[in-house]
$ cat protein-v9.csv   # CSV, C-alpha atoms and all ligand atoms
chain,number,residue,atom,x,y,z
A,16,MET,CA,24.4,-3.7,53.8
A,17,LYS,CA,24.5,-4.4,50.1
A,18,THR,CA,27.8,-5.7,48.7
A,19,ARG,CA,28.6,-4.6,45.2
A,20,ILE,CA,31.5,-5.7,42.8
A,21,PHE,CA,32.9,-2.8,40.7
A,22,ARG,CA,34.8,-3.1,37.4
A,23,PRO,CA,38.1,-1.1,37.5
A,24,THR,CA,37.1,1.9,35.2
A,25,PRO,CA,38.9,5.2,35.8
A,26,TYR,CA,35.5,6.5,37.2
A,27,THR,CA,35.1,3.7,39.8
A,28,ILE,CA,38.8,3.9,40.8
A,29,CYS,CA,38.2,7.6,41.5
A,30,ARG,CA,35.0,6.9,43.4
A,31,LEU,CA,36.5,4.1,45.5
A,32,ALA,CA,39.6,6.2,46.3
A,33,LYS,CA,37.2,8.8,47.7
A,34,LEU,CA,35.5,6.2,49.9
A,35,LEU,CA,38.8,5.1,51.3
A,36,THR,CA,39.8,8.7,52.0
A,37,ARG,CA,36.5,9.1,53.9
A,38,GLY,CA,37.4,6.1,56.1
A,39,GLU,CA,35.4,3.4,54.3
A,40,LEU,CA,36.6,-0.2,53.5
A,41,VAL,CA,37.2,-1.5,49.9
A,42,ALA,CA,38.1,-5.0,49.0
A,43,VAL,CA,40.9,-4.9,46.5
A,44,PRO,CA,42.7,-7.3,44.0
A,45,THR,CA,46.4,-7.9,44.6
A,46,GLU,CA,48.6,-10.3,42.8
A,47,THR,CA,48.7,-12.7,45.8
A,48,VAL,CA,45.1,-12.8,47.2
A,49,TYR,CA,42.3,-10.2,47.5
A,50,GLY,CA,42.8,-7.7,50.4
A,51,LEU,CA,40.3,-5.7,52.5
A,52,ALA,CA,41.7,-2.2,52.5
A,53,ALA,CA,41.4,0.9,54.7
A,54,ASP,CA,43.4,4.1,55.1
A,55,ALA,CA,46.3,2.9,57.2
A,56,LEU,CA,46.6,6.2,59.1
A,57,ASN,CA,43.0,6.2,60.1
A,58,PRO,CA,42.5,4.0,63.2
A,59,ILE,CA,38.7,4.1,63.0
A,60,ALA,CA,38.8,2.9,59.4
A,61,CYS,CA,41.3,0.1,60.3
A,62,GLY,CA,39.0,-0.9,63.2
A,63,LYS,CA,36.3,-1.7,60.6
A,64,ILE,CA,38.6,-4.2,59.0
A,65,PHE,CA,38.8,-6.2,62.2
A,66,GLU,CA,35.1,-6.0,62.6
A,67,ALA,CA,34.2,-7.1,59.1
A,68,LYS,CA,36.6,-10.1,59.2
A,69,GLY,CA,35.9,-11.1,62.8
A,70,ARG,CA,39.6,-10.8,63.2
A,71,PRO,CA,41.2,-10.8,66.7
A,72,SER,CA,42.9,-7.5,67.5
A,73,ASN,CA,46.2,-9.2,68.2
A,74,ASP,CA,46.7,-10.1,64.5
A,75,PRO,CA,48.4,-7.1,62.9
A,76,LEU,CA,47.7,-5.8,59.4
A,77,ILE,CA,50.0,-5.3,56.4
A,78,ILE,CA,50.4,-1.7,55.0
A,79,HIS,CA,50.5,-1.4,51.2
A,80,VAL,CA,52.3,1.4,49.5
A,81,SER,CA,52.7,2.4,45.8
A,82,ARG,CA,56.1,4.2,46.1
A,83,LYS,CA,59.0,4.0,48.5
A,84,THR,CA,58.7,7.6,49.6
A,85,GLN,CA,55.5,6.6,51.4
A,86,ILE,CA,57.5,4.3,53.7
A,87,GLN,CA,59.8,6.8,55.4
A,88,PRO,CA,57.0,8.3,57.7
A,89,LEU,CA,56.0,4.7,58.7
A,90,ALA,CA,59.1,2.6,59.2
A,91,ILE,CA,62.8,2.6,59.8
A,92,TRP,CA,64.4,1.5,56.6
A,93,ASN,CA,67.7,-0.5,56.4
A,94,ALA,CA,70.2,-1.8,53.8
A,95,SER,CA,68.6,-5.3,53.6
A,96,ALA,CA,65.2,-3.8,53.0
A,97,GLU,CA,66.7,-1.7,50.3
A,98,LYS,CA,68.2,-4.7,48.6
A,99,LEU,CA,65.0,-6.8,48.8
A,100,ALA,CA,62.9,-3.9,47.6
A,101,GLN,CA,65.2,-3.5,44.5
A,102,ALA,CA,65.0,-7.2,43.8
A,103,PHE,CA,61.3,-8.1,44.5
A,104,TRP,CA,59.1,-4.9,44.7
A,105,PRO,CA,56.6,-4.4,43.5
A,106,GLY,CA,55.7,-8.0,44.4
A,107,ALA,CA,54.8,-10.7,46.9
A,108,LEU,CA,57.2,-9.8,49.7
A,109,THR,CA,56.2,-8.2,53.0
A,110,MET,CA,58.9,-6.7,55.2
A,111,ILE,CA,58.7,-6.3,59.0
A,112,LEU,CA,60.5,-3.2,60.1
A,113,PRO,CA,60.7,-1.0,63.2
A,114,LYS,CA,57.7,1.3,63.1
A,115,THR,CA,57.4,5.1,63.7
A,116,PRO,CA,54.8,6.7,66.1
A,117,ALA,CA,52.8,7.7,62.9
A,118,VAL,CA,51.5,4.2,62.5
A,119,PRO,CA,48.3,3.7,64.6
A,120,ASP,CA,48.6,0.9,67.2
A,121,ILE,CA,45.5,-0.8,65.9
A,122,VAL,CA,47.4,-1.6,62.6
A,123,THR,CA,50.3,-3.2,64.4
A,124,SER,CA,48.4,-4.7,67.3
A,125,GLY,CA,50.6,-2.6,69.6
A,126,LEU,CA,53.8,-4.1,68.3
A,127,ALA,CA,56.9,-1.9,67.9
A,128,SER,CA,57.2,-3.1,64.2
A,129,VAL,CA,55.1,-2.7,61.1
A,130,ALA,CA,54.6,-4.9,58.0
A,131,ILE,CA,55.0,-3.2,54.6
A,132,ARG,CA,54.5,-4.4,51.1
A,133,MET,CA,54.5,-2.7,47.6
A,134,PRO,CA,52.0,-4.8,45.6
A,135,ARG,CA,52.3,-5.4,41.8
A,136,HIS,CA,48.7,-5.7,40.7
A,137,PRO,CA,48.0,-2.9,38.2
A,138,VAL,CA,44.5,-2.2,39.4
A,139,PHE,CA,45.5,-2.0,43.1
A,140,ARG,CA,48.4,0.2,42.1
A,141,ARG,CA,46.1,2.6,40.2
A,142,LEU,CA,43.9,2.8,43.3
A,143,LEU,CA,46.8,3.3,45.6
A,144,ARG,CA,48.1,6.1,43.4
A,145,GLU,CA,44.6,7.7,43.3
A,146,VAL,CA,44.2,7.5,47.1
A,147,ASN,CA,47.8,8.8,47.5
A,148,ARG,CA,48.1,7.3,51.0
A,149,PRO,CA,49.2,3.9,52.4
A,150,LEU,CA,46.4,1.3,52.7
A,151,ALA,CA,46.3,-1.3,55.4
A,152,ALA,CA,44.9,-4.6,54.1
A,153,PRO,CA,44.7,-8.2,55.4
A,154,SER,CA,43.4,-10.9,53.2
A,155,ALA,CA,39.7,-10.3,52.4
A,156,ASN,CA,38.4,-13.5,54.1
A,157,PRO,CA,36.4,-14.0,57.3
A,158,PHE,CA,39.0,-14.8,60.0
A,159,GLY,CA,40.1,-18.5,59.7
A,160,TYR,CA,38.6,-19.2,56.3
A,161,ILE,CA,40.5,-19.7,53.0
A,162,SER,CA,41.9,-16.5,51.4
A,163,PRO,CA,40.0,-15.2,48.4
A,164,THR,CA,41.6,-15.2,44.9
A,165,THR,CA,38.6,-13.8,43.0
A,166,SER,CA,36.1,-11.0,43.6
A,167,GLN,CA,33.3,-13.6,43.8
A,168,HIS,CA,35.1,-15.4,46.6
A,169,VAL,CA,35.2,-12.1,48.6
A,170,LYS,CA,31.4,-11.7,47.9
A,171,ASP,CA,30.7,-15.3,48.8
A,172,HIS,CA,32.1,-14.9,52.3
A,173,LEU,CA,31.8,-11.2,53.2
A,174,ASP,CA,28.4,-10.5,51.6
A,175,GLY,CA,26.5,-8.0,53.8
A,176,ARG,CA,29.6,-7.2,55.9
A,177,ILE,CA,31.3,-4.9,53.4
A,178,ALA,CA,29.8,-2.6,50.8
A,179,THR,CA,32.5,-2.5,48.1
A,180,ILE,CA,34.6,-4.9,46.1
A,181,LEU,CA,37.0,-3.8,43.3
A,182,ASP,CA,37.3,-6.6,40.7
A,183,GLY,CA,40.8,-7.1,39.2
A,184,GLY,CA,40.3,-10.7,37.9
A,185,PRO,CA,41.7,-13.8,39.4
A,186,CYS,CA,44.9,-13.3,41.5
A,187,GLN,CA,48.0,-14.4,39.6
A,188,VAL,CA,50.1,-15.8,42.5
A,189,GLY,CA,47.3,-17.3,44.5
A,190,VAL,CA,48.9,-17.5,47.9
A,191,GLU,CA,49.8,-14.7,50.3
A,192,SER,CA,53.1,-12.8,50.3
A,193,THR,CA,56.3,-14.1,51.9
A,194,ILE,CA,56.7,-12.2,55.3
A,195,ILE,CA,60.3,-11.5,56.2
A,196,ASP,CA,61.4,-10.0,59.5
A,197,LEU,CA,64.1,-7.4,58.9
A,198,ARG,CA,64.2,-5.8,62.3
A,199,GLN,CA,67.8,-7.1,62.5
A,200,PRO,CA,68.9,-6.5,58.9
A,201,ARG,CA,71.8,-9.0,59.1
A,202,LYS,CA,69.6,-11.7,60.7
A,203,PRO,CA,66.5,-11.9,58.5
A,204,VAL,CA,63.8,-14.4,59.4
A,205,ILE,CA,61.0,-15.7,57.2
A,206,LEU,CA,57.9,-15.7,59.3
A,207,ARG,CA,55.6,-16.9,56.5
A,208,PRO,CA,56.6,-18.7,53.3
A,209,GLY,CA,54.9,-17.3,50.2
A,210,GLY,CA,55.3,-16.0,46.7
A,211,ILE,CA,59.1,-15.3,47.0
A,212,SER,CA,61.3,-18.2,48.0
A,213,LYS,CA,64.0,-18.4,50.7
A,214,SER,CA,66.7,-19.1,48.1
A,215,GLN,CA,65.6,-16.1,46.0
A,216,ILE,CA,65.9,-13.9,49.2
A,217,GLU,CA,69.3,-15.5,50.1
A,218,SER,CA,70.8,-14.9,46.7
A,219,SER,CA,69.6,-11.3,46.8
A,220,LEU,CA,71.0,-10.6,50.3
A,221,GLY,CA,74.1,-12.8,50.0
A,222,ILE,CA,73.5,-14.1,53.6
A,223,ARG,CA,71.7,-17.1,55.1
A,224,VAL,CA,68.0,-16.6,56.0
A,225,ILE,CA,66.2,-18.5,58.8
A,226,GLN,CA,62.8,-19.9,58.0
A,227,ARG,CA,60.7,-20.0,61.2
A,228,SER,CA,58.7,-23.2,61.3
A,229,PRO,CA,55.0,-22.8,62.1
A,230,GLY,CA,54.1,-22.8,65.7
A,231,ARG,CA,57.4,-21.5,67.0
A,232,ALA,CA,56.5,-18.0,68.2
A,233,PRO,CA,57.0,-17.2,71.9
A,234,LYS,CA,53.9,-17.9,73.9
A,235,GLY,CA,51.1,-15.3,73.7
A,236,THR,CA,52.5,-13.6,70.6
A,237,ILE,CA,51.4,-13.9,67.0
A,238,GLU,CA,54.4,-13.2,64.7
A,239,ALA,CA,52.6,-14.2,61.5
A,240,PRO,CA,49.6,-16.4,60.7
A,241,GLY,CA,52.1,-19.3,60.7
A,242,GLN,CA,51.7,-19.2,64.5
A,243,LEU,CA,48.0,-19.8,64.4
A,244,ASP,CA,47.3,-23.5,64.5
A,245,ARG,CA,44.4,-23.6,62.1
A,246,HIS,CA,44.0,-21.0,59.4
A,247,TYR,CA,42.8,-20.8,55.9
A,248,SER,CA,40.5,-23.8,56.5
A,249,PRO,CA,37.6,-25.1,54.3
A,250,LYS,CA,34.5,-26.3,56.2
A,251,THR,CA,34.9,-29.8,54.6
A,252,PRO,CA,37.6,-31.9,56.3
A,253,LEU,CA,40.9,-31.9,54.3
A,254,LEU,CA,43.4,-34.7,54.5
A,255,LEU,CA,46.9,-34.7,53.0
A,256,TYR,CA,49.0,-37.5,51.6
A,257,ARG,CA,52.4,-38.2,50.1
A,258,SER,CA,50.6,-40.7,48.0
A,259,LEU,CA,46.9,-41.0,47.7
A,260,PRO,CA,45.1,-44.1,49.0
A,261,GLN,CA,43.2,-46.4,46.6
A,262,ASN,CA,39.4,-47.0,46.6
A,263,LEU,CA,38.1,-43.9,48.3
A,264,PRO,CA,34.3,-43.5,48.5
A,265,HIS,CA,32.6,-41.7,45.7
A,266,ASP,CA,31.2,-39.0,48.0
A,267,GLU,CA,34.8,-37.9,48.9
A,268,ALA,CA,36.9,-35.6,46.6
A,269,ILE,CA,40.4,-36.7,45.6
A,270,VAL,CA,42.9,-34.1,44.5
A,271,PHE,CA,45.9,-35.3,42.5
A,272,TYR,CA,48.9,-32.9,42.2
A,273,LYS,CA,49.3,-33.6,38.5
A,274,PRO,CA,46.7,-34.4,35.9
A,275,SER,CA,45.9,-38.0,35.5
A,276,SER,CA,43.3,-39.7,33.3
A,277,GLY,CA,39.6,-39.4,33.9
A,278,ILE,CA,39.6,-36.5,36.3
A,279,ASP,CA,38.0,-33.1,36.6
A,280,GLY,CA,34.9,-34.3,34.8
A,281,ASP,CA,31.4,-33.5,36.2
A,282,LYS,CA,30.7,-37.1,37.1
A,283,THR,CA,33.9,-38.0,38.9
A,284,ASN,CA,35.2,-37.3,42.4
A,285,LYS,CA,38.8,-36.8,41.0
A,286,PHE,CA,40.4,-33.4,40.5
A,287,SER,CA,43.9,-32.2,39.8
A,288,LEU,CA,45.6,-29.2,41.5
A,289,THR,CA,47.9,-28.5,38.5
A,290,SER,CA,47.8,-29.0,34.7
A,291,ASP,CA,51.6,-29.0,34.5
A,292,GLY,CA,52.9,-30.2,37.9
A,293,LEU,CA,54.5,-26.7,38.5
A,294,GLY,CA,54.5,-25.2,42.0
A,295,SER,CA,53.5,-21.8,40.7
A,296,THR,CA,50.4,-23.4,39.1
A,297,ALA,CA,49.6,-25.2,42.3
A,298,ALA,CA,49.8,-21.9,44.2
A,299,HIS,CA,47.6,-20.2,41.7
A,300,ASN,CA,44.9,-22.9,41.9
A,301,LEU,CA,45.0,-24.0,45.5
A,302,PHE,CA,42.6,-21.7,47.3
A,303,ALA,CA,40.2,-21.5,44.3
A,304,LEU,CA,40.0,-25.3,44.2
A,305,LEU,CA,39.5,-25.5,47.9
A,306,GLN,CA,36.7,-23.0,47.7
A,307,LYS,CA,35.1,-24.8,44.8
A,308,LEU,CA,35.3,-28.2,46.6
A,309,ASP,CA,34.0,-26.6,49.8
A,310,ARG,CA,30.9,-25.5,47.9
A,311,GLY,CA,30.4,-29.1,46.7
A,312,GLN,CA,28.7,-31.7,48.9
A,313,TRP,CA,31.9,-33.7,49.6
A,314,LYS,CA,32.2,-35.5,52.9
A,315,ARG,CA,36.0,-35.1,52.8
A,316,ILE,CA,38.8,-33.8,50.6
A,317,HIS,CA,41.9,-36.0,50.1
A,318,MET,CA,44.8,-34.0,48.6
A,319,GLU,CA,48.2,-35.1,47.3
A,320,LEU,CA,51.2,-33.1,48.6
A,321,PRO,CA,53.5,-31.2,46.2
A,322,PRO,CA,57.0,-32.6,45.5
A,323,VAL,CA,59.5,-31.5,48.1
A,324,GLN,CA,62.1,-30.3,45.6
A,325,ASP,CA,59.8,-27.6,44.2
A,326,PRO,CA,60.7,-24.1,45.2
A,327,TRP,CA,57.0,-23.5,46.0
A,328,HIS,CA,57.0,-26.5,48.4
A,329,PRO,CA,57.3,-24.5,51.7
A,330,ALA,CA,54.5,-22.1,50.8
A,331,LEU,CA,52.2,-24.8,49.5
A,332,LEU,CA,52.8,-27.2,52.4
A,333,ASP,CA,52.3,-24.3,54.9
A,334,ARG,CA,48.9,-23.4,53.3
A,335,MET,CA,47.8,-27.0,52.9
A,336,ARG,CA,48.7,-28.0,56.5
A,337,ARG,CA,46.9,-25.0,57.9
A,338,ALA,CA,43.8,-25.9,55.8
A,339,SER,CA,43.9,-29.5,56.8
A,340,THR,CA,42.2,-31.4,59.6
A,341,ARG,CA,44.6,-32.9,62.1
A,401,LIG,O1,49.8,-11.3,50.2
A,401,LIG,C1,49.5,-10.8,51.3
A,401,LIG,O2,50.3,-10.6,52.2
A,401,LIG,C2,48.0,-10.4,51.5
A,401,LIG,C3,47.7,-9.2,50.5
A,401,LIG,C4,46.3,-8.7,50.8
A,401,LIG,O3,48.7,-8.3,50.6
A,401,LIG,N1,47.8,-10.0,52.8
A,401,LIG,C5,47.8,-10.9,53.9
A,401,LIG,O4,47.4,-10.3,55.1
A,401,LIG,O5,48.0,-12.0,53.7
A,401,LIG,P1,47.0,-11.1,56.3
A,401,LIG,O6,46.5,-10.2,57.3
A,401,LIG,O7,46.1,-12.2,56.0
A,401,LIG,O8,48.3,-11.6,56.9
A,401,LIG,C6,49.3,-10.7,57.4
A,401,LIG,C7,50.0,-11.2,58.5
A,401,LIG,C8,49.3,-11.1,59.8
A,401,LIG,O9,48.5,-12.2,60.1
A,401,LIG,C9,50.5,-11.0,60.8
A,401,LIG,O10,50.7,-12.2,61.5
A,401,LIG,C10,51.6,-10.5,59.9
A,401,LIG,O11,51.2,-10.4,58.7
A,401,LIG,N2,52.1,-9.3,60.4
A,401,LIG,C11,51.6,-8.0,60.3
A,401,LIG,N3,52.3,-7.1,60.9
A,401,LIG,C12,53.3,-7.8,61.6
A,401,LIG,C13,54.3,-7.4,62.4
A,401,LIG,N4,54.5,-6.1,62.8
A,401,LIG,N5,55.2,-8.3,62.9
A,401,LIG,C14,55.0,-9.6,62.6
A,401,LIG,N6,54.0,-10.1,61.7
A,401,LIG,C15,53.1,-9.1,61.3
A,402,MG,MG,45.0,-13.8,56.0
$ encode --input "protein-v9.csv" --output "structure tokens" --more "lines below"
Ligand code: TXA
Ligand code: MG
Amino acid sequence: MKTRIFRPTPYTICRLAKLLTRGELVAVPTETVYGLAADALNPIACGKIFEAKGRPSNDPLIIHVSRKTQIQPLAIWNASAEKLAQAFWPGALTMILPKTPAVPDIVTSGLASVAIRMPRHPVFRRLLREVNRPLAAPSANPFGYISPTTSQHVKDHLDGRIATILDGGPCQVGVESTIIDLRQPRKPVILRPGGISKSQIESSLGIRVIQRSPGRAPKGTIEAPGQLDRHYSPKTPLLLYRSLPQNLPHDEAIVFYKPSSGIDGDKTNKFSLTSDGLGSTAAHNLFALLQKLDRGQWKRIHMELPPVQDPWHPALLDRMRRASTR
């Protein structure tokens, strides 16, 4: 199978929408990471997602919608969902809600709930409107590898496994959406930290929100990728530090959180995650930098952790830990 990247012209959007309607896969840009999309109501099409990614069937998919009226046939809405939708949609927030029988079991891995997100990326939104049906889409990486934040990342790792990638430029947010479980509207639980912070959610809902720490799901269930021990991993061993050690070998890459002198040159092993020390910049750069370093011939990657007081700290720490070698 030949894998092609398409620019988002009105003509290609129309063509790719037809492919999706016919049950084919299309890799799509979102503001968080690239997704691998299929018609959410077509179980055969959704099965192709699991096949292309090598994803286990017990890891459910997120359904993407372009307007709220598309949700009613899929999920049981509630007041907390309404508040969060008003505050953060379109955007990097995924809500877990009780599902209706209309959602195929393959999408939810047989769970009684469904994950829904209204994305903000203008190109993906145009495609969603053109298709005019909800699209299931996990991140467009092979299972277990770092999520893609450019169309080239998708091609690098799914080449020959999918036919079509829609290019929408580099993803702005750079890490996956926050997943919030709203099955009990007055007891919301964050299953995966992401683009929207706990405190943003708490101030919108006016109640306390629990943040489930990774690895805490009941045995045998996967509530969110947070429950999988290793995920988003580069092939090169990654080690994390509060403060980086001195005198590391020259064939090992060193990643500072903030810029410091003599780094990011072609002849050095020193890199910086951010140009400005901001968590949002770190999120934007993290996966792209890991992919770049993973293509280099580094024996190991040593990475400095973000400051704990940054609102992006939980999401960054979560992704860095999961990418790291323990
Ligand atoms: O930003 C994002 O969320 C990206 C873009 C493409 O939208 N998508 C993404 O999908 O990160 P994925 O498949 O890599 O992660 C989605 C996770 C699944 O691993 C699963 O654990 C969780 O969402 N999930 C899906 N349905 C669920 C459900 N009914 N209950 C609990 N967790 C669910
Ligand atoms: Mg993923």
$ residues_near_ligand --input "protein-v9.csv" --ligand "ligand MG 402 (chain A)" --cutoff "7 Å" --atoms "only C-alpha atoms and all ligand atoms" --output "ChimeraX atom specification"
/A:153-154,156,162
$ write_last_selection --input "protein-v9.csv" --atoms "C-alpha atoms" --output "compact mmCIF listing (two decimals), in the frame of the given file"
# COMPACT_ATOMS: atom_id res chain seq x y z
CA PRO A 153 44.70 -8.20 55.40
CA SER A 154 43.40 -10.90 53.20
CA ASN A 156 38.40 -13.50 54.10
CA SER A 162 41.90 -16.50 51.40
$ residues_around --input "protein-v9.csv" --residues "Gly311 in chain A" --least-positions-apart "2" --cutoff "12 Å" --atoms "all atoms listed in the file" --output "PyMOL selection string"
chain A and resi 249-251+266-268+281+284+304-309+313-316
$ write_last_selection --input "protein-v9.csv" --atoms "C-alpha atoms" --output "compact mmCIF listing (two decimals), in the frame of the given file"
# COMPACT_ATOMS: atom_id res chain seq x y z
CA PRO A 249 37.60 -25.10 54.30
CA LYS A 250 34.50 -26.30 56.20
CA THR A 251 34.90 -29.80 54.60
CA ASP A 266 31.20 -39.00 48.00
CA GLU A 267 34.80 -37.90 48.90
CA ALA A 268 36.90 -35.60 46.60
CA ASP A 281 31.40 -33.50 36.20
CA ASN A 284 35.20 -37.30 42.40
CA LEU A 304 40.00 -25.30 44.20
CA LEU A 305 39.50 -25.50 47.90
CA GLN A 306 36.70 -23.00 47.70
CA LYS A 307 35.10 -24.80 44.80
CA LEU A 308 35.30 -28.20 46.60
CA ASP A 309 34.00 -26.60 49.80
CA TRP A 313 31.90 -33.70 49.60
CA LYS A 314 32.20 -35.50 52.90
CA ARG A 315 36.00 -35.10 52.80
CA ILE A 316 38.80 -33.80 50.60
$ residues_near_ligand --input "protein-v9.csv" --ligand "ligand LIG 401 (chain A)" --cutoff "8 Å" --atoms "all atoms listed in the file" --output "PyMOL selection string"
chain A and resi 43-51+74-77+79+107-109+111-112+122-124+126-132+134+152-155+162+190-194+196+206+209+237-242
$ residues_around --input "protein-v9.csv" --residues "Leu197 in chain A" --least-positions-apart "5" --cutoff "12 Å" --atoms "only C-alpha atoms" --output "MDAnalysis selection string"
chainID A and resid 90:100 108:114 128:131 202:206 216 220 224:225
$ closest_residue --input "protein-v9.csv" --among "A:Pro58, A:Ala151, A:Ser166, A:Leu263" --to "Gly184 in chain A" --atoms "all atoms listed in the file"
A:Ser166
$ residues_around --input "protein-v9.csv" --residues "range 34-36 of chain A" --least-positions-apart "6" --cutoff "9 Å" --atoms "all atoms listed in the file" --output "VMD selection string"
chain A and resid 52 to 54 60 146 148 150
$ residues_around --input "protein-v9.csv" --residues "Ala117 in chain A" --least-positions-apart "3" --cutoff "10 Å" --atoms "all atoms listed in the file" --output "ChimeraX atom specification"
/A:55-56,88-90,114,120
$ atom_distance --input "protein-v9.csv" --atom1 "CA of Lys282 in chain A" --atom2 "CA of Ala303 in chain A"
19.6 Å
$ closest_residue --input "protein-v9.csv" --among "A:Lys83, A:His136, A:Arg310, A:Arg207" --to "His172 in chain A" --atoms "all atoms listed in the file"
A:Arg310
$ atom_distance --input "protein-v9.csv" --atom1 "CA of Leu31 in chain A" --atom2 "CA of Ile78 in chain A"
17.8 Å
$ residues_around --input "protein-v9.csv" --residues "Ala178 in chain A" --least-positions-apart "5" --cutoff "9 Å" --atoms "all atoms listed in the file" --output "JSON, numbers by chain"
{"A": [16, 17, 18, 19, 20, 39, 40, 41, 42]}
